[in-house]
Amino acid sequence: MTATTPVYVKHLSDDRVVEVIGRHVCIEGQPEADHLVVIDEHPNRQAILRAVPGATHVAGRVPLTMPQASMAQAALRRAHDTFDGSPHAVSERLRNAIWQKVFAEGAE
């Protein structure tokens, strides 16, 4: 299994498929999130838990149970562990790091 092989996570109630593709959790192949948030750290956790009582993590708009989150996190780690040294990949990592720093310092 390679980093770009889709890893099935779950089906949504409307039958769309949630998968990890490369470095993103995707809905129907469209990137939704590049990391998981523990439900206790999510600002809207009470509403999420009312809708999905077993949720332990959230990937963008997708609530995940512990088994689903474990599967998604493992696939994300495998993708992040593969190092792409191409100029485009290095540029993308630098761009992401700069945006994370800017947002951490309070940019909106």
# chains A, B, ... in the order shown; residues from 1 in each chain; ligands from 1
>>> select_by_dssp(residues="segment 5-87 of chain A", states="strand (DSSP E)", output="PyMOL selection string")
chain A and resi 7-11+17-21+24-27+30-33+37-38+57-59+62-64
>>> write_last_selection(atoms="N, CA and C atoms", output="compact mmCIF listing (two decimals), in the first residue's frame")
# COMPACT_ATOMS: atom_id res chain seq x y z
N VAL A 7 -7.44 4.86 1.58
CA VAL A 7 -7.73 4.01 2.73
C VAL A 7 -9.15 4.35 3.18
N TYR A 8 -10.04 3.37 3.08
CA TYR A 8 -11.44 3.56 3.46
C TYR A 8 -11.54 3.83 4.96
N VAL A 9 -12.35 4.85 5.31
CA VAL A 9 -12.59 5.18 6.72
C VAL A 9 -14.04 4.91 7.09
N LYS A 10 -14.99 5.44 6.30
CA LYS A 10 -16.40 5.23 6.59
C LYS A 10 -17.26 5.74 5.45
N HIS A 11 -18.55 5.44 5.53
CA HIS A 11 -19.56 6.01 4.64
C HIS A 11 -20.35 7.02 5.47
N VAL A 17 -18.34 8.51 0.45
CA VAL A 17 -17.25 7.75 1.04
C VAL A 17 -16.21 8.69 1.64
N VAL A 18 -15.77 8.38 2.85
CA VAL A 18 -14.69 9.11 3.50
C VAL A 18 -13.46 8.21 3.43
N GLU A 19 -12.38 8.74 2.85
CA GLU A 19 -11.14 7.99 2.70
C GLU A 19 -9.96 8.90 3.02
N VAL A 20 -8.85 8.27 3.34
CA VAL A 20 -7.59 9.02 3.42
C VAL A 20 -6.89 8.78 2.10
N ILE A 21 -6.65 9.88 1.40
CA ILE A 21 -5.94 9.82 0.13
C ILE A 21 -4.71 10.71 0.27
N HIS A 24 -4.48 13.65 3.08
CA HIS A 24 -5.75 14.28 3.44
C HIS A 24 -6.86 13.26 3.69
N VAL A 25 -7.72 13.59 4.62
CA VAL A 25 -8.98 12.88 4.77
C VAL A 25 -9.89 13.51 3.73
N CYS A 26 -10.49 12.69 2.89
CA CYS A 26 -11.28 13.19 1.75
C CYS A 26 -12.71 12.66 1.80
N ILE A 27 -13.63 13.48 1.32
CA ILE A 27 -15.01 13.06 1.09
C ILE A 27 -15.18 12.99 -0.41
N GLN A 30 -12.46 14.56 -2.46
CA GLN A 30 -12.15 15.98 -2.27
C GLN A 30 -11.57 16.18 -0.87
N PRO A 31 -10.40 16.81 -0.75
CA PRO A 31 -9.77 17.00 0.56
C PRO A 31 -10.68 17.72 1.55
N GLU A 32 -10.76 17.16 2.74
CA GLU A 32 -11.57 17.73 3.82
C GLU A 32 -10.68 18.22 4.96
N ALA A 33 -9.65 17.45 5.32
CA ALA A 33 -8.78 17.83 6.43
C ALA A 33 -7.42 17.15 6.27
N VAL A 37 -8.75 16.22 14.83
CA VAL A 37 -8.86 16.99 16.07
C VAL A 37 -9.57 16.11 17.09
N VAL A 38 -8.99 16.00 18.28
CA VAL A 38 -9.63 15.25 19.36
C VAL A 38 -10.90 15.99 19.74
N HIS A 57 -13.04 11.92 17.57
CA HIS A 57 -12.21 12.81 16.77
C HIS A 57 -13.06 13.44 15.67
N VAL A 58 -12.52 14.50 15.07
CA VAL A 58 -13.18 15.16 13.94
C VAL A 58 -12.12 15.43 12.88
N ALA A 59 -12.49 15.16 11.63
CA ALA A 59 -11.63 15.47 10.49
C ALA A 59 -12.41 16.45 9.63
N VAL A 62 -16.19 15.89 9.46
CA VAL A 62 -16.50 14.47 9.62
C VAL A 62 -16.20 13.98 11.03
N PRO A 63 -17.23 13.63 11.80
CA PRO A 63 -16.99 13.04 13.12
C PRO A 63 -16.57 11.58 12.95
N LEU A 64 -15.61 11.16 13.78
CA LEU A 64 -15.08 9.80 13.68
C LEU A 64 -15.12 9.12 15.05
>>> atom_distance(atom1="atom CA of Leu94 of chain A", atom2="atom CA of His35 of chain A")
17.3 Å
>>> closest_residue(among="A:Gly60, A:Gly29, A:Gly54, A:Gly22", to="Thr82 of chain A", atoms="only C-alpha atoms")
A:Gly22
>>> atom_distance(atom1="atom CA of Gln100 of chain A", atom2="atom CA of Asp34 of chain A")
12.8 Å
>>> residues_around(residues="Met66 of chain A", least_positions_apart="4", cutoff="10 Å", atoms="only C-alpha atoms", output="ChimeraX atom specification")
/A:54-57,70-72
>>> write_last_selection(atoms="N, CA and C atoms", output="mmCIF file, in the first residue's frame")
data_model
loop_
_atom_site.group_PDB
_atom_site.id
_atom_site.type_symbol
_atom_site.label_atom_id
_atom_site.label_comp_id
_atom_site.auth_asym_id
_atom_site.auth_seq_id
_atom_site.Cartn_x
_atom_site.Cartn_y
_atom_site.Cartn_z
ATOM 1 N N GLY A 54 -20.809 8.646 19.783
ATOM 2 C CA GLY A 54 -19.567 7.882 19.904
ATOM 3 C C GLY A 54 -18.342 8.559 19.323
ATOM 4 N N ALA A 55 -18.462 9.795 18.876
ATOM 5 C CA ALA A 55 -17.338 10.481 18.217
ATOM 6 C C ALA A 55 -16.215 10.745 19.210
ATOM 7 N N THR A 56 -14.996 10.495 18.771
ATOM 8 C CA THR A 56 -13.809 10.787 19.583
ATOM 9 C C THR A 56 -12.893 11.797 18.893
ATOM 10 N N HIS A 57 -13.039 11.918 17.572
ATOM 11 C CA HIS A 57 -12.206 12.810 16.768
ATOM 12 C C HIS A 57 -13.058 13.443 15.670
ATOM 13 N N SER A 70 -8.527 5.856 14.405
ATOM 14 C CA SER A 70 -7.267 5.098 14.418
ATOM 15 C C SER A 70 -6.836 4.741 13.007
ATOM 16 N N MET A 71 -7.803 4.305 12.201
ATOM 17 C CA MET A 71 -7.503 3.949 10.816
ATOM 18 C C MET A 71 -7.041 5.176 10.032
ATOM 19 N N ALA A 72 -7.759 6.283 10.193
ATOM 20 C CA ALA A 72 -7.414 7.505 9.467
ATOM 21 C C ALA A 72 -6.055 8.041 9.915
#
>>> residues_around(residues="Pro53 of chain A", least_positions_apart="5", cutoff="10 Å", atoms="only C-alpha atoms", output="list in words")
Gln46, Ala47, Ile48, Pro63 and Thr65 of chain A
>>> closest_residue(among="A:Arg23, A:Glu105, A:Asn96, A:Pro6", to="Ala79 of chain A", atoms="only C-alpha atoms")
A:Arg23
>>> decode(residues="segment 35-62 of chain A", atoms="N, CA and C atoms", output="CSV table (one decimal), in the first residue's frame")
chain,number,residue,atom,x,y,z
A,35,HIS,N,-5.5,16.8,9.1
A,35,HIS,CA,-5.2,16.3,10.5
A,35,HIS,C,-6.5,16.0,11.2
A,36,LEU,N,-6.5,15.3,12.3
A,36,LEU,CA,-7.6,15.0,13.1
A,36,LEU,C,-7.6,15.8,14.4
A,37,VAL,N,-8.8,16.2,14.8
A,37,VAL,CA,-8.9,17.0,16.1
A,37,VAL,C,-9.6,16.1,17.1
A,38,VAL,N,-9.0,16.0,18.3
A,38,VAL,CA,-9.6,15.3,19.4
A,38,VAL,C,-10.9,16.0,19.7
A,39,ILE,N,-12.0,15.3,19.9
A,39,ILE,CA,-13.3,15.9,20.2
A,39,ILE,C,-13.2,16.8,21.4
A,40,ASP,N,-12.4,16.5,22.4
A,40,ASP,CA,-12.4,17.3,23.6
A,40,ASP,C,-11.7,18.7,23.3
A,41,GLU,N,-11.0,18.8,22.2
A,41,GLU,CA,-10.4,20.1,21.9
A,41,GLU,C,-11.1,20.9,20.8
A,42,HIS,N,-12.3,20.3,20.4
A,42,HIS,CA,-13.1,21.0,19.3
A,42,HIS,C,-14.0,22.0,19.9
A,43,PRO,N,-14.1,23.2,19.4
A,43,PRO,CA,-14.9,24.2,20.0
A,43,PRO,C,-16.4,23.9,19.9
A,44,ASN,N,-16.8,23.0,19.0
A,44,ASN,CA,-18.3,22.7,18.9
A,44,ASN,C,-18.5,21.3,19.3
A,45,ARG,N,-17.8,20.8,20.3
A,45,ARG,CA,-17.9,19.4,20.7
A,45,ARG,C,-19.2,19.0,21.2
A,46,GLN,N,-19.9,19.8,21.9
A,46,GLN,CA,-21.2,19.4,22.5
A,46,GLN,C,-22.2,19.1,21.4
A,47,ALA,N,-22.3,19.9,20.3
A,47,ALA,CA,-23.2,19.7,19.2
A,47,ALA,C,-22.8,18.4,18.5
A,48,ILE,N,-21.5,18.2,18.3
A,48,ILE,CA,-21.0,17.0,17.6
A,48,ILE,C,-21.4,15.8,18.4
A,49,LEU,N,-21.2,15.8,19.7
A,49,LEU,CA,-21.5,14.6,20.5
A,49,LEU,C,-23.0,14.4,20.5
A,50,ARG,N,-23.8,15.4,20.5
A,50,ARG,CA,-25.3,15.2,20.4
A,50,ARG,C,-25.6,14.5,19.1
A,51,ALA,N,-25.0,14.9,18.0
A,51,ALA,CA,-25.3,14.3,16.7
A,51,ALA,C,-24.7,12.9,16.5
A,52,VAL,N,-23.5,12.7,17.1
A,52,VAL,CA,-22.7,11.4,16.9
A,52,VAL,C,-22.2,11.1,18.3
A,53,PRO,N,-22.9,10.5,19.2
A,53,PRO,CA,-22.5,10.2,20.6
A,53,PRO,C,-21.2,9.5,20.7
A,54,GLY,N,-20.8,8.6,19.8
A,54,GLY,CA,-19.6,7.9,19.9
A,54,GLY,C,-18.3,8.6,19.3
A,55,ALA,N,-18.5,9.8,18.9
A,55,ALA,CA,-17.3,10.5,18.2
A,55,ALA,C,-16.2,10.7,19.2
A,56,THR,N,-15.0,10.5,18.8
A,56,THR,CA,-13.8,10.8,19.6
A,56,THR,C,-12.9,11.8,18.9
A,57,HIS,N,-13.0,11.9,17.6
A,57,HIS,CA,-12.2,12.8,16.8
A,57,HIS,C,-13.1,13.4,15.7
A,58,VAL,N,-12.5,14.5,15.1
A,58,VAL,CA,-13.2,15.2,13.9
A,58,VAL,C,-12.1,15.4,12.9
A,59,ALA,N,-12.5,15.2,11.6
A,59,ALA,CA,-11.6,15.5,10.5
A,59,ALA,C,-12.4,16.5,9.6
A,60,GLY,N,-12.2,17.7,9.8
A,60,GLY,CA,-13.0,18.7,9.1
A,60,GLY,C,-14.4,18.7,9.6
A,61,ARG,N,-15.3,18.3,8.7
A,61,ARG,CA,-16.7,18.2,9.1
A,61,ARG,C,-17.1,16.8,9.4
A,62,VAL,N,-16.2,15.9,9.5
A,62,VAL,CA,-16.5,14.5,9.6
A,62,VAL,C,-16.2,14.0,11.0
